[in-house]
$ cat query_20.cif   # mmCIF, C-alpha atoms
data_work
loop_
_atom_site.label_atom_id
_atom_site.label_comp_id
_atom_site.auth_asym_id
_atom_site.auth_seq_id
_atom_site.Cartn_x
_atom_site.Cartn_y
_atom_site.Cartn_z
CA MET A 889 6.40 54.23 -33.09
CA PHE A 890 7.04 51.20 -30.92
CA PRO A 891 4.49 48.55 -31.88
CA GLY A 892 2.22 46.36 -29.81
CA MET A 893 0.81 48.94 -27.38
CA ALA A 894 -2.77 49.67 -26.36
CA ASP A 895 -4.31 53.11 -26.72
CA ASP A 896 -4.26 53.79 -22.96
CA VAL A 897 -1.13 54.35 -20.89
CA GLU A 898 -0.32 55.25 -17.31
CA LEU A 899 1.99 58.17 -18.08
CA LEU A 900 1.91 60.39 -21.17
CA ILE A 901 4.99 62.56 -21.76
CA ALA A 902 4.69 65.60 -24.01
CA GLY A 903 8.17 66.13 -25.46
CA GLY A 904 10.78 63.57 -26.44
CA GLY A 905 13.96 65.55 -25.88
CA LEU A 906 16.67 64.58 -23.40
CA ASN A 907 14.43 65.10 -20.36
CA GLY A 908 11.31 63.52 -21.84
CA LEU A 909 13.03 60.35 -22.99
CA LEU A 910 14.95 59.91 -19.74
CA LEU A 911 11.74 60.23 -17.71
CA ALA A 912 10.07 57.67 -19.97
CA ILE A 913 12.94 55.22 -19.46
CA ALA A 914 12.97 55.79 -15.69
CA VAL A 915 9.30 54.83 -15.29
CA ALA A 916 9.12 52.19 -18.04
CA GLU A 917 12.06 50.23 -16.66
CA PRO A 918 10.00 49.21 -13.55
CA GLY A 919 7.13 48.33 -15.91
CA LEU A 920 4.82 51.36 -16.13
CA LYS A 921 3.08 51.85 -19.46
CA VAL A 922 4.30 55.14 -20.88
CA ALA A 923 3.94 57.02 -24.17
CA VAL A 924 6.17 59.83 -25.41
CA VAL A 925 4.83 62.25 -28.02
CA ASP A 926 7.36 64.36 -29.93
CA ARG A 927 7.13 66.53 -33.02
CA GLN A 928 10.45 65.37 -34.53
CA GLU A 929 11.08 62.26 -36.56
CA PRO A 930 13.37 59.96 -34.50
CA ALA A 931 15.33 58.80 -37.55
CA THR A 932 16.16 62.43 -38.33
CA MET A 933 17.43 63.11 -34.81
CA LEU A 934 19.46 59.93 -34.65
CA GLY A 935 21.06 60.60 -38.01
CA GLU A 936 22.40 63.99 -37.02
CA ALA A 937 26.09 64.68 -37.50
CA PHE A 938 28.10 66.44 -34.78
CA ASP A 939 26.43 69.81 -34.32
CA GLY A 940 28.76 71.47 -31.83
CA ARG A 941 26.50 71.06 -28.81
CA ALA A 942 27.40 69.22 -25.61
CA SER A 943 26.06 68.99 -22.07
CA ALA A 944 27.65 69.00 -18.63
CA ILE A 945 26.61 65.91 -16.64
CA ALA A 946 27.18 66.17 -12.89
CA TYR A 947 28.27 63.02 -11.07
CA GLY A 948 24.85 62.76 -9.42
CA SER A 949 23.21 62.87 -12.85
CA ARG A 950 25.57 60.15 -14.04
CA LEU A 951 24.18 57.98 -11.21
CA VAL A 952 20.65 58.53 -12.57
CA LEU A 953 21.79 57.56 -16.06
CA ASP A 954 23.56 54.52 -14.61
CA SER A 955 20.50 53.43 -12.62
CA THR A 956 18.30 53.60 -15.73
CA GLY A 957 20.70 51.61 -17.94
CA VAL A 958 21.66 54.59 -20.11
CA TRP A 959 25.19 55.30 -18.87
CA PRO A 960 26.82 52.13 -20.28
CA LEU A 961 25.75 53.37 -23.73
CA ILE A 962 27.47 56.73 -23.10
CA ALA A 963 30.49 55.99 -20.93
CA SER A 964 33.08 55.53 -23.69
CA GLU A 965 32.20 58.93 -25.18
CA ALA A 966 31.95 60.91 -21.93
CA GLU A 967 34.96 63.04 -20.94
CA PRO A 968 35.51 63.24 -17.16
CA ILE A 969 35.95 66.66 -15.56
CA ARG A 970 38.79 66.23 -13.06
CA GLU A 971 39.49 69.86 -12.23
CA ILE A 972 37.71 73.21 -12.55
CA ARG A 973 39.64 76.47 -12.59
CA VAL A 974 37.69 79.70 -12.05
CA ALA A 975 39.31 83.08 -12.72
CA ASP A 976 37.98 86.64 -12.81
CA ASP A 977 39.19 88.25 -16.04
CA ASP A 978 42.85 89.23 -15.55
CA SER A 979 42.93 88.91 -11.74
CA PRO A 980 45.79 86.82 -10.26
CA LEU A 981 43.32 85.42 -7.68
CA PHE A 982 41.40 82.27 -8.58
CA LEU A 983 39.43 79.25 -7.37
CA HIS A 984 40.57 75.70 -8.10
CA TYR A 985 38.44 72.57 -7.69
CA ASP A 986 40.18 69.17 -7.86
CA HIS A 987 38.29 65.86 -7.85
CA ARG A 988 40.95 64.36 -5.58
CA ASP A 989 39.75 66.66 -2.78
CA VAL A 990 36.35 64.89 -2.62
CA ASN A 991 37.63 61.34 -3.14
CA SER A 992 38.70 58.87 -0.50
CA PRO A 993 42.30 57.63 -0.91
CA GLY A 994 42.53 55.67 -4.13
CA GLY A 995 39.14 56.94 -5.36
CA ASP A 996 38.73 58.39 -8.83
CA ILE A 997 35.21 59.88 -8.97
CA PRO A 998 35.26 62.89 -11.32
CA LEU A 999 33.40 66.14 -10.69
CA GLY A 1000 31.27 65.48 -13.76
CA TYR A 1001 31.43 64.78 -17.48
CA ILE A 1002 30.99 66.51 -20.83
CA VAL A 1003 28.96 64.55 -23.38
CA GLU A 1004 27.90 65.47 -26.91
CA ASN A 1005 24.14 65.95 -27.14
CA ARG A 1006 23.92 63.61 -30.12
CA VAL A 1007 25.56 60.86 -28.01
CA LEU A 1008 22.97 61.40 -25.28
CA ARG A 1009 20.10 61.29 -27.78
CA ARG A 1010 21.38 58.12 -29.41
CA ALA A 1011 21.79 56.36 -26.05
CA LEU A 1012 18.34 57.40 -24.85
CA PHE A 1013 16.66 56.12 -28.02
CA GLU A 1014 18.58 52.86 -27.85
CA ARG A 1015 17.58 52.28 -24.24
CA ALA A 1016 13.97 53.29 -24.92
CA ARG A 1017 13.67 50.78 -27.74
CA ALA A 1018 14.66 47.98 -25.35
CA LEU A 1019 11.70 48.65 -23.01
CA PRO A 1020 8.49 46.91 -24.13
CA SER A 1021 6.19 49.15 -22.06
CA LEU A 1022 7.48 52.36 -23.67
CA ARG A 1023 5.76 53.75 -26.74
CA LEU A 1024 7.16 56.56 -28.87
CA ILE A 1025 4.67 58.47 -31.03
CA ALA A 1026 6.57 60.67 -33.48
CA PRO A 1027 6.47 62.84 -35.43
CA GLN A 1028 3.32 64.01 -33.70
CA VAL A 1029 2.06 66.76 -31.38
CA VAL A 1030 -0.26 66.94 -28.39
CA GLU A 1031 -2.94 69.37 -29.56
CA SER A 1032 -4.92 69.47 -26.33
CA VAL A 1033 -5.41 67.65 -23.02
CA THR A 1034 -8.61 67.30 -21.03
CA ARG A 1035 -7.96 66.50 -17.37
CA ASP A 1036 -10.58 65.46 -14.82
CA ALA A 1037 -10.77 63.57 -11.55
CA ASP A 1038 -10.32 60.20 -13.26
CA ALA A 1039 -7.92 60.64 -16.18
CA ALA A 1040 -6.21 62.92 -18.65
CA VAL A 1041 -7.22 62.50 -22.30
CA ALA A 1042 -4.87 63.89 -24.94
CA THR A 1043 -5.93 64.68 -28.50
CA LEU A 1044 -3.02 64.38 -30.93
CA GLY A 1045 -2.45 66.28 -34.14
CA ASN A 1046 -3.73 63.38 -36.24
CA GLY A 1047 -7.03 63.35 -34.33
CA SER A 1048 -6.31 60.21 -32.29
CA ARG A 1049 -6.87 60.22 -28.54
CA LEU A 1050 -4.76 58.81 -25.75
CA SER A 1051 -5.86 58.35 -22.14
CA ALA A 1052 -3.41 58.49 -19.22
CA ARG A 1053 -3.40 58.78 -15.45
CA LEU A 1054 -0.78 61.54 -15.58
CA VAL A 1055 0.71 63.90 -18.15
CA ALA A 1056 4.30 65.06 -17.79
CA ALA A 1057 5.22 68.23 -19.67
CA ALA A 1058 8.79 67.99 -20.95
CA ASP A 1059 8.03 70.36 -23.81
CA GLY A 1060 10.53 73.13 -23.13
CA LYS A 1061 10.59 76.66 -21.77
CA ASP A 1062 7.59 77.78 -23.86
CA SER A 1063 5.66 74.68 -22.74
CA PRO A 1064 2.21 74.54 -24.38
CA GLN A 1065 1.08 72.19 -21.59
CA ARG A 1066 2.09 74.65 -18.88
CA ARG A 1067 0.31 77.50 -20.65
CA ALA A 1068 -2.82 75.44 -21.25
CA ALA A 1069 -2.96 74.58 -17.54
CA GLY A 1070 -2.84 78.28 -16.64
CA ILE A 1071 0.39 78.00 -14.68
CA ARG A 1072 2.01 81.40 -14.52
CA THR A 1073 5.75 82.05 -14.56
CA VAL A 1074 8.22 84.54 -13.15
CA GLU A 1075 10.76 85.34 -15.84
CA TRP A 1076 13.10 87.88 -17.31
CA ARG A 1077 15.62 88.13 -20.12
CA TYR A 1078 19.26 88.87 -19.47
CA LYS A 1079 20.98 91.36 -21.73
CA GLN A 1080 23.20 88.47 -22.75
CA THR A 1081 23.37 85.83 -25.47
CA GLY A 1082 24.91 82.41 -25.12
CA ILE A 1083 27.20 81.37 -27.97
CA VAL A 1084 28.00 77.66 -28.14
CA THR A 1085 30.59 75.96 -30.32
CA THR A 1086 33.46 73.47 -30.16
CA VAL A 1087 37.19 73.95 -30.68
CA ALA A 1088 40.05 71.59 -31.44
CA HIS A 1089 43.32 72.46 -29.70
CA GLU A 1090 46.97 71.53 -29.99
CA ARG A 1091 47.59 70.32 -26.44
CA PRO A 1092 45.52 67.92 -24.28
CA HIS A 1093 43.17 69.49 -21.72
CA ALA A 1094 43.84 66.81 -19.04
CA GLY A 1095 40.17 66.87 -18.03
CA ILE A 1096 40.39 70.46 -16.78
CA ALA A 1097 37.40 72.81 -17.19
CA VAL A 1098 38.12 76.53 -17.17
CA GLU A 1099 35.70 79.37 -16.51
CA HIS A 1100 36.83 82.94 -17.10
CA PHE A 1101 34.57 85.73 -15.91
CA LEU A 1102 34.77 88.46 -18.52
CA PRO A 1103 32.91 91.81 -18.41
CA ALA A 1104 30.13 90.52 -20.70
CA GLY A 1105 29.73 87.27 -18.74
CA PRO A 1106 31.35 83.87 -18.18
CA PHE A 1107 33.45 82.19 -20.86
CA ALA A 1108 33.59 78.44 -20.18
CA ILE A 1109 36.02 75.94 -21.74
CA LEU A 1110 34.76 72.41 -21.09
CA PRO A 1111 36.83 69.29 -21.85
CA MET A 1112 35.52 66.87 -24.49
CA THR A 1113 36.91 63.60 -25.81
CA GLY A 1114 40.09 63.98 -27.83
CA ASN A 1115 41.83 67.32 -28.04
CA ARG A 1116 38.51 69.15 -28.12
CA SER A 1117 36.65 71.51 -25.81
CA SER A 1118 33.09 72.78 -25.73
CA ILE A 1119 32.76 76.57 -25.53
CA VAL A 1120 29.90 78.29 -23.70
CA TRP A 1121 30.50 81.98 -24.34
CA THR A 1122 28.23 84.56 -22.68
CA GLU A 1123 28.26 87.79 -24.65
CA ASN A 1124 26.47 91.11 -24.65
CA ALA A 1125 23.18 90.65 -26.50
CA ALA A 1126 23.86 93.69 -28.68
CA LEU A 1127 27.26 92.36 -29.84
CA ALA A 1128 26.37 88.69 -30.27
CA PRO A 1129 24.59 89.01 -33.65
CA HIS A 1130 27.70 90.69 -35.10
CA LEU A 1131 29.91 87.87 -33.81
CA MET A 1132 27.61 85.23 -35.26
CA ARG A 1133 27.75 86.90 -38.69
CA LEU A 1134 31.55 86.93 -38.82
CA ALA A 1135 33.37 84.82 -41.37
CA ASP A 1136 35.02 81.70 -39.94
CA VAL A 1137 38.50 83.26 -39.85
CA GLU A 1138 37.31 86.39 -38.05
CA PHE A 1139 35.15 84.43 -35.61
CA ALA A 1140 38.14 82.21 -34.79
CA GLU A 1141 40.25 85.27 -34.02
CA GLU A 1142 37.62 86.68 -31.63
CA LEU A 1143 37.47 83.27 -29.96
CA ARG A 1144 41.26 83.07 -29.56
CA MET A 1145 41.36 86.49 -27.88
CA ARG A 1146 39.11 85.14 -25.12
CA PHE A 1147 40.41 81.56 -25.04
CA GLY A 1148 44.11 82.30 -24.62
CA ASP A 1149 47.02 80.06 -25.61
CA PHE A 1150 47.28 77.63 -22.67
CA LEU A 1151 46.20 74.74 -24.92
CA GLY A 1152 48.28 75.85 -27.90
CA ALA A 1153 46.76 76.66 -31.27
CA ILE A 1154 42.96 76.35 -31.42
CA GLU A 1155 40.52 75.99 -34.29
CA PRO A 1156 36.70 76.18 -34.15
CA ILE A 1157 35.04 73.01 -35.47
CA GLY A 1158 31.38 72.33 -36.12
CA PRO A 1159 28.52 74.85 -36.20
CA ARG A 1160 28.01 77.77 -33.83
CA TRP A 1161 24.79 78.36 -31.97
CA ALA A 1162 23.38 81.44 -30.27
CA TYR A 1163 20.42 81.72 -27.94
CA PRO A 1164 19.08 84.48 -25.68
CA LEU A 1165 19.70 83.89 -21.97
CA SER A 1166 16.85 84.11 -19.52
CA LEU A 1167 15.59 83.03 -16.14
CA MET A 1168 12.17 81.42 -15.70
CA GLN A 1169 10.42 79.76 -12.79
CA ALA A 1170 6.93 78.30 -12.95
CA GLU A 1171 4.82 79.37 -9.98
CA ARG A 1172 3.71 75.74 -9.63
CA TYR A 1173 5.23 72.53 -10.96
CA THR A 1174 1.93 70.67 -10.95
CA ALA A 1175 -1.73 71.01 -11.84
CA ARG A 1176 -4.54 68.45 -12.00
CA ARG A 1177 -2.94 65.31 -13.50
CA LEU A 1178 0.00 67.37 -14.80
CA ALA A 1179 3.66 67.59 -13.75
CA LEU A 1180 6.26 69.92 -15.25
CA VAL A 1181 9.85 68.75 -15.68
CA GLY A 1182 13.01 70.35 -17.04
CA GLU A 1183 12.70 73.66 -18.83
CA ALA A 1184 8.91 73.48 -18.74
CA ALA A 1185 9.34 74.18 -15.00
CA HIS A 1186 12.53 76.27 -14.84
CA VAL A 1187 15.22 77.92 -16.94
CA ILE A 1188 18.46 79.11 -15.36
CA HIS A 1189 21.60 80.94 -16.48
CA PRO A 1190 24.29 78.56 -17.84
CA ILE A 1191 26.97 80.06 -15.57
CA ALA A 1192 27.24 76.88 -13.45
CA GLY A 1193 26.51 74.33 -16.18
CA GLN A 1194 23.54 72.96 -14.21
CA GLY A 1195 20.68 73.33 -16.71
CA LEU A 1196 20.34 69.68 -17.73
CA ASN A 1197 21.28 68.46 -14.25
CA VAL A 1198 18.42 70.23 -12.52
CA GLY A 1199 16.06 68.62 -15.04
CA ILE A 1200 17.54 65.20 -14.35
CA ARG A 1201 16.89 65.74 -10.64
CA ASP A 1202 13.25 66.50 -11.53
CA ILE A 1203 13.08 63.21 -13.41
CA ALA A 1204 14.56 61.19 -10.55
CA ALA A 1205 12.08 62.69 -8.06
CA LEU A 1206 8.99 62.37 -10.26
CA ALA A 1207 9.86 58.81 -11.30
CA GLU A 1208 10.24 57.76 -7.66
CA ALA A 1209 6.98 59.39 -6.60
CA VAL A 1210 5.08 57.79 -9.50
CA VAL A 1211 6.61 54.30 -9.21
CA ASP A 1212 6.14 54.20 -5.44
CA ALA A 1213 2.48 55.21 -5.80
CA ARG A 1214 1.84 52.61 -8.46
CA ARG A 1215 3.38 49.84 -6.34
CA LEU A 1216 1.04 50.79 -3.51
CA GLY A 1217 -1.91 50.53 -5.88
CA LEU A 1218 -2.51 54.29 -5.82
CA ASP A 1219 -3.48 56.63 -8.65
CA ILE A 1220 -0.18 58.04 -9.98
CA GLY A 1221 -1.94 61.25 -11.01
CA ASP A 1222 -3.42 61.90 -7.58
CA ASP A 1223 -2.79 65.30 -6.02
CA ILE A 1224 -0.95 63.70 -3.08
CA VAL A 1225 1.60 62.11 -5.44
CA LEU A 1226 2.09 65.37 -7.34
CA GLU A 1227 2.45 67.36 -4.14
CA ARG A 1228 5.24 65.03 -3.03
CA TYR A 1229 7.05 65.75 -6.30
CA GLN A 1230 6.58 69.51 -6.04
CA ARG A 1231 7.81 69.68 -2.43
CA TRP A 1232 10.86 67.64 -3.38
CA ARG A 1233 11.91 69.73 -6.35
CA ARG A 1234 10.68 73.30 -6.31
CA LEU A 1235 12.81 74.72 -3.49
CA ASP A 1236 16.01 73.19 -4.92
CA ALA A 1237 15.30 74.64 -8.36
CA ILE A 1238 14.45 78.08 -6.97
CA LEU A 1239 17.62 78.19 -4.87
CA LEU A 1240 19.75 77.18 -7.86
CA ALA A 1241 18.09 79.86 -10.00
CA GLY A 1242 18.87 82.44 -7.33
CA VAL A 1243 22.50 81.34 -7.04
CA THR A 1244 23.14 81.37 -10.80
CA ASP A 1245 21.39 84.72 -11.20
CA GLY A 1246 23.39 86.23 -8.34
CA LEU A 1247 26.71 84.90 -9.63
CA ASN A 1248 26.02 86.24 -13.12
CA ARG A 1249 25.15 89.69 -11.80
CA LEU A 1250 28.14 89.73 -9.45
CA PHE A 1251 30.73 88.65 -12.01
CA SER A 1252 29.36 90.77 -14.85
CA ASN A 1253 29.84 93.91 -12.74
CA THR A 1254 32.88 96.01 -13.70
CA VAL A 1255 32.79 98.39 -10.70
CA ALA A 1256 36.28 98.22 -9.17
CA PRO A 1257 35.29 97.75 -5.47
CA VAL A 1258 32.85 94.97 -6.44
CA LYS A 1259 35.54 93.28 -8.53
CA LEU A 1260 37.99 93.44 -5.62
CA VAL A 1261 35.50 91.91 -3.17
CA ARG A 1262 34.59 89.02 -5.48
CA ASP A 1263 38.25 88.29 -6.26
CA LEU A 1264 39.03 88.18 -2.55
CA GLY A 1265 36.01 85.90 -2.15
CA LEU A 1266 37.35 83.45 -4.75
CA ALA A 1267 40.73 83.42 -3.05
CA ALA A 1268 39.14 82.93 0.39
CA VAL A 1269 37.07 79.94 -0.74
CA ASN A 1270 40.18 78.49 -2.36
CA ARG A 1271 41.95 78.61 1.02
CA LEU A 1272 39.07 76.98 2.97
CA PRO A 1273 39.13 73.26 2.10
CA PRO A 1274 35.96 72.30 4.05
CA LEU A 1275 33.89 75.00 2.31
CA LYS A 1276 35.44 74.16 -1.05
CA ARG A 1277 34.60 70.46 -0.62
CA LEU A 1278 31.02 71.38 0.27
CA LEU A 1279 30.65 73.51 -2.87
CA MET A 1280 32.16 70.75 -5.01
CA GLN A 1281 29.79 68.13 -3.60
CA HIS A 1282 26.83 70.42 -4.23
CA ALA A 1283 27.92 70.98 -7.85
CA MET A 1284 28.35 67.21 -8.23
CA GLY A 1285 24.76 66.66 -7.05
CA THR A 1286 25.76 64.41 -4.15
CA LEU A 1287 24.28 66.43 -1.26
CA GLY A 1288 20.79 66.70 0.21
CA ASP A 1289 17.70 64.50 0.08
CA ARG A 1290 18.38 62.62 -3.14
CA PRO A 1291 15.94 60.28 -4.89
CA ARG A 1292 16.99 56.65 -5.16
CA LEU A 1293 18.02 56.99 -8.81
CA ALA A 1294 20.35 59.85 -7.86
CA ARG A 1295 21.94 57.60 -5.24
CA GLY A 1296 22.72 55.00 -7.87
CA GLU A 1297 19.83 52.72 -6.87
CA ARG A 1298 17.18 51.27 -9.16
CA LEU A 1299 13.49 51.94 -8.58
#

$ encode --input "query_20.cif" --output "structure tokens"
Amino acid sequence: MFPGMADDVELLIAGGGLNGLLLAIAVAEPGLKVAVVDRQEPATMLGEAFDGRASAIAYGSRLVLDSTGVWPLIASEAEPIREIRVADDDSPLFLHYDHRDVNSPGGDIPLGYIVENRVLRRALFERARALPSLRLIAPQVVESVTRDADAAVATLGNGSRLSARLVAAADGKDSPQRRAAGIRTVEWRYKQTGIVTTVAHERPHAGIAVEHFLPAGPFAILPMTGNRSSIVWTENAALAPHLMRLADVEFAEELRMRFGDFLGAIEPIGPRWAYPLSLMQAERYTARRLALVGEAAHVIHPIAGQGLNVGIRDIAALAEAVVDARRLGLDIGDDIVLERYQRWRRLDAILLAGVTDGLNRLFSNTVAPVKLVRDLGLAAVNRLPPLKRLLMQHAMGTLGDRPRLARGERL
């Protein structure tokens, strides 16, 4: 716990994961009093060894991290994505994105970055500790929240109470705060499991990300620092448990069959993870003195690597709405402030969910005419530079009505 704080804060954040901590930093940096409650012990999280997990950070998300003072703590361990190659199984047709196509002459802005999750966590904690108006309460849980016209009062697991103007739920896809507020969701499970691990390879990846669409789902190879790549492997849910139970040698062989030999010999390193894939959208992102961010509001398929990025866009929008209201002397938990946030974010998140869901269904279809049409579509986009640039800029998070943080500006 950060010392020297009063019992009342302006913003209370339930959940101190990547989204929760970044939101806390974004609002505490301009001086708002914020508390983050998380069930895990910070020292335990910070002491974690490499666990095989990494995140894709779009260029627009990098601007948010830069604006909040987090990026300088990450930059040396972030691997730029300079090209993306998309191929449909064994088809000779493909789609190729190159960062040079969206740069002015002499520019070198990458499409995005791959960063280990433990590096992100460490940087967020380090930045949070430097902000005197930010309080971390952990390990602890928010047992209940009472919200009325004047304030939200949270009761913690140890019986203490904390009053705030606004509660932000960054407590994951099964968000207790969302459920307690009676916010319904639209959701379904895919018949797919995501398998995540890391491989070391013989040859350098040159900053090139590769996505192969296989019959069971996308198989993504994402460049990490050194001769390493992060693997996001979508597999049939019925087969995935068998793959996870394989001995290391057998698992490595299954991986090589899908990976190919373009980077030479490969070897899995670090743990493997498996998680069921699903889609979820909250019917509302707000309630009285409550805002949902990240997976508390939406869960999408990992096919486009946008899961963390859509949460970071939530954070940039909510932070701007809250900070602007506070500077005007307004109640940051007022319905007008929350409605501004919801209008800003919900349509974007719904559209992205629809796109990722549609792409997954399209590219997991083995019907020959469908496969032919999608392969011709990839080739067509590849031959239309204006459309390809537009798609690249969208994936980079540099299009549309962006909050100030996502434009590289401070609040």

$ atom_distance --input "query_20.cif" --atom1 "CA of Val1098 in chain A" --atom2 "CA of Ala1283 in chain A"
14.9 Å

$ closest_residue --input "query_20.cif" --among "A:Leu1143, A:Ala902, A:Met1132, A:Ile913" --to "Ser1032 in chain A" --atoms "all atoms listed in the file"
A:Ala902

$ residues_near_point --input "query_20.cif" --point "(22.9, 61.8, -9.1)" --cutoff "8 Å" --atoms "all atoms listed in the file" --output "ChimeraX atom specification"
/A:946-952,1201,1284-1286,1290,1293-1296

$ closest_residue --input "query_20.cif" --among "A:Phe1101, A:Tyr1173, A:Phe1251, A:Trp959" --to "Tyr1229 in chain A" --atoms "all atoms listed in the file"
A:Tyr1173

$ residues_around --input "query_20.cif" --residues "Leu1299 in chain A" --least-positions-apart "2" --cutoff "8 Å" --atoms "all atoms listed in the file" --output "ChimeraX atom specification"
/A:918,1208,1211,1292-1293,1297

$ build_atoms --input "query_20.cif" --residues "range 949-964 of chain A" --atoms "N, CA, C and O atoms" --output "PDB file, in the frame of the given file"
ATOM      1  N   SER A 949      24.010  63.176 -11.664  1.00  0.00           N
ATOM      2  CA  SER A 949      23.210  62.870 -12.850  1.00  0.00           C
ATOM      3  C   SER A 949      23.712  61.607 -13.529  1.00  0.00           C
ATOM      4  O   SER A 949      22.928  60.832 -14.084  1.00  0.00           O
ATOM      5  N   ARG A 950      25.027  61.391 -13.481  1.00  0.00           N
ATOM      6  CA  ARG A 950      25.570  60.150 -14.040  1.00  0.00           C
ATOM      7  C   ARG A 950      24.987  58.942 -13.305  1.00  0.00           C
ATOM      8  O   ARG A 950      24.700  57.901 -13.927  1.00  0.00           O
ATOM      9  N   LEU A 951      24.769  59.078 -11.971  1.00  0.00           N
ATOM     10  CA  LEU A 951      24.180  57.980 -11.210  1.00  0.00           C
ATOM     11  C   LEU A 951      22.758  57.679 -11.684  1.00  0.00           C
ATOM     12  O   LEU A 951      22.342  56.521 -11.747  1.00  0.00           O
ATOM     13  N   VAL A 952      22.002  58.737 -12.032  1.00  0.00           N
ATOM     14  CA  VAL A 952      20.650  58.530 -12.570  1.00  0.00           C
ATOM     15  C   VAL A 952      20.716  57.797 -13.896  1.00  0.00           C
ATOM     16  O   VAL A 952      19.968  56.838 -14.142  1.00  0.00           O
ATOM     17  N   LEU A 953      21.627  58.219 -14.758  1.00  0.00           N
ATOM     18  CA  LEU A 953      21.790  57.560 -16.060  1.00  0.00           C
ATOM     19  C   LEU A 953      22.256  56.121 -15.889  1.00  0.00           C
ATOM     20  O   LEU A 953      21.852  55.231 -16.647  1.00  0.00           O
ATOM     21  N   ASP A 954      23.088  55.878 -14.893  1.00  0.00           N
ATOM     22  CA  ASP A 954      23.560  54.520 -14.610  1.00  0.00           C
ATOM     23  C   ASP A 954      22.408  53.646 -14.135  1.00  0.00           C
ATOM     24  O   ASP A 954      22.224  52.507 -14.578  1.00  0.00           O
ATOM     25  N   SER A 955      21.598  54.192 -13.207  1.00  0.00           N
ATOM     26  CA  SER A 955      20.500  53.430 -12.620  1.00  0.00           C
ATOM     27  C   SER A 955      19.432  53.064 -13.644  1.00  0.00           C
ATOM     28  O   SER A 955      18.697  52.090 -13.450  1.00  0.00           O
ATOM     29  N   THR A 956      19.318  53.848 -14.711  1.00  0.00           N
ATOM     30  CA  THR A 956      18.300  53.600 -15.730  1.00  0.00           C
ATOM     31  C   THR A 956      18.851  52.831 -16.933  1.00  0.00           C
ATOM     32  O   THR A 956      18.149  52.643 -17.927  1.00  0.00           O
ATOM     33  N   GLY A 957      20.117  52.402 -16.861  1.00  0.00           N
ATOM     34  CA  GLY A 957      20.700  51.610 -17.940  1.00  0.00           C
ATOM     35  C   GLY A 957      21.176  52.416 -19.128  1.00  0.00           C
ATOM     36  O   GLY A 957      21.519  51.845 -20.166  1.00  0.00           O
ATOM     37  N   VAL A 958      21.247  53.740 -18.989  1.00  0.00           N
ATOM     38  CA  VAL A 958      21.660  54.590 -20.110  1.00  0.00           C
ATOM     39  C   VAL A 958      23.167  54.815 -20.118  1.00  0.00           C
ATOM     40  O   VAL A 958      23.797  54.869 -21.176  1.00  0.00           O
ATOM     41  N   TRP A 959      23.767  54.940 -18.933  1.00  0.00           N
ATOM     42  CA  TRP A 959      25.190  55.300 -18.870  1.00  0.00           C
ATOM     43  C   TRP A 959      26.111  54.337 -19.615  1.00  0.00           C
ATOM     44  O   TRP A 959      27.047  54.794 -20.284  1.00  0.00           O
ATOM     45  N   PRO A 960      25.913  53.014 -19.539  1.00  0.00           N
ATOM     46  CA  PRO A 960      26.820  52.130 -20.280  1.00  0.00           C
ATOM     47  C   PRO A 960      26.851  52.414 -21.786  1.00  0.00           C
ATOM     48  O   PRO A 960      27.842  52.094 -22.446  1.00  0.00           O
ATOM     49  N   LEU A 961      25.798  53.031 -22.312  1.00  0.00           N
ATOM     50  CA  LEU A 961      25.750  53.370 -23.730  1.00  0.00           C
ATOM     51  C   LEU A 961      26.458  54.686 -24.029  1.00  0.00           C
ATOM     52  O   LEU A 961      26.649  55.038 -25.191  1.00  0.00           O
ATOM     53  N   ILE A 962      26.854  55.400 -22.973  1.00  0.00           N
ATOM     54  CA  ILE A 962      27.470  56.730 -23.100  1.00  0.00           C
ATOM     55  C   ILE A 962      28.919  56.741 -22.659  1.00  0.00           C
ATOM     56  O   ILE A 962      29.735  57.507 -23.171  1.00  0.00           O
ATOM     57  N   ALA A 963      29.241  55.885 -21.700  1.00  0.00           N
ATOM     58  CA  ALA A 963      30.490  55.990 -20.930  1.00  0.00           C
ATOM     59  C   ALA A 963      31.732  56.191 -21.779  1.00  0.00           C
ATOM     60  O   ALA A 963      32.592  57.014 -21.455  1.00  0.00           O
ATOM     61  N   SER A 964      31.856  55.451 -22.889  1.00  0.00           N
ATOM     62  CA  SER A 964      33.080  55.530 -23.690  1.00  0.00           C
ATOM     63  C   SER A 964      33.231  56.868 -24.399  1.00  0.00           C
ATOM     64  O   SER A 964      34.325  57.208 -24.861  1.00  0.00           O
TER      65      SER A 964
END
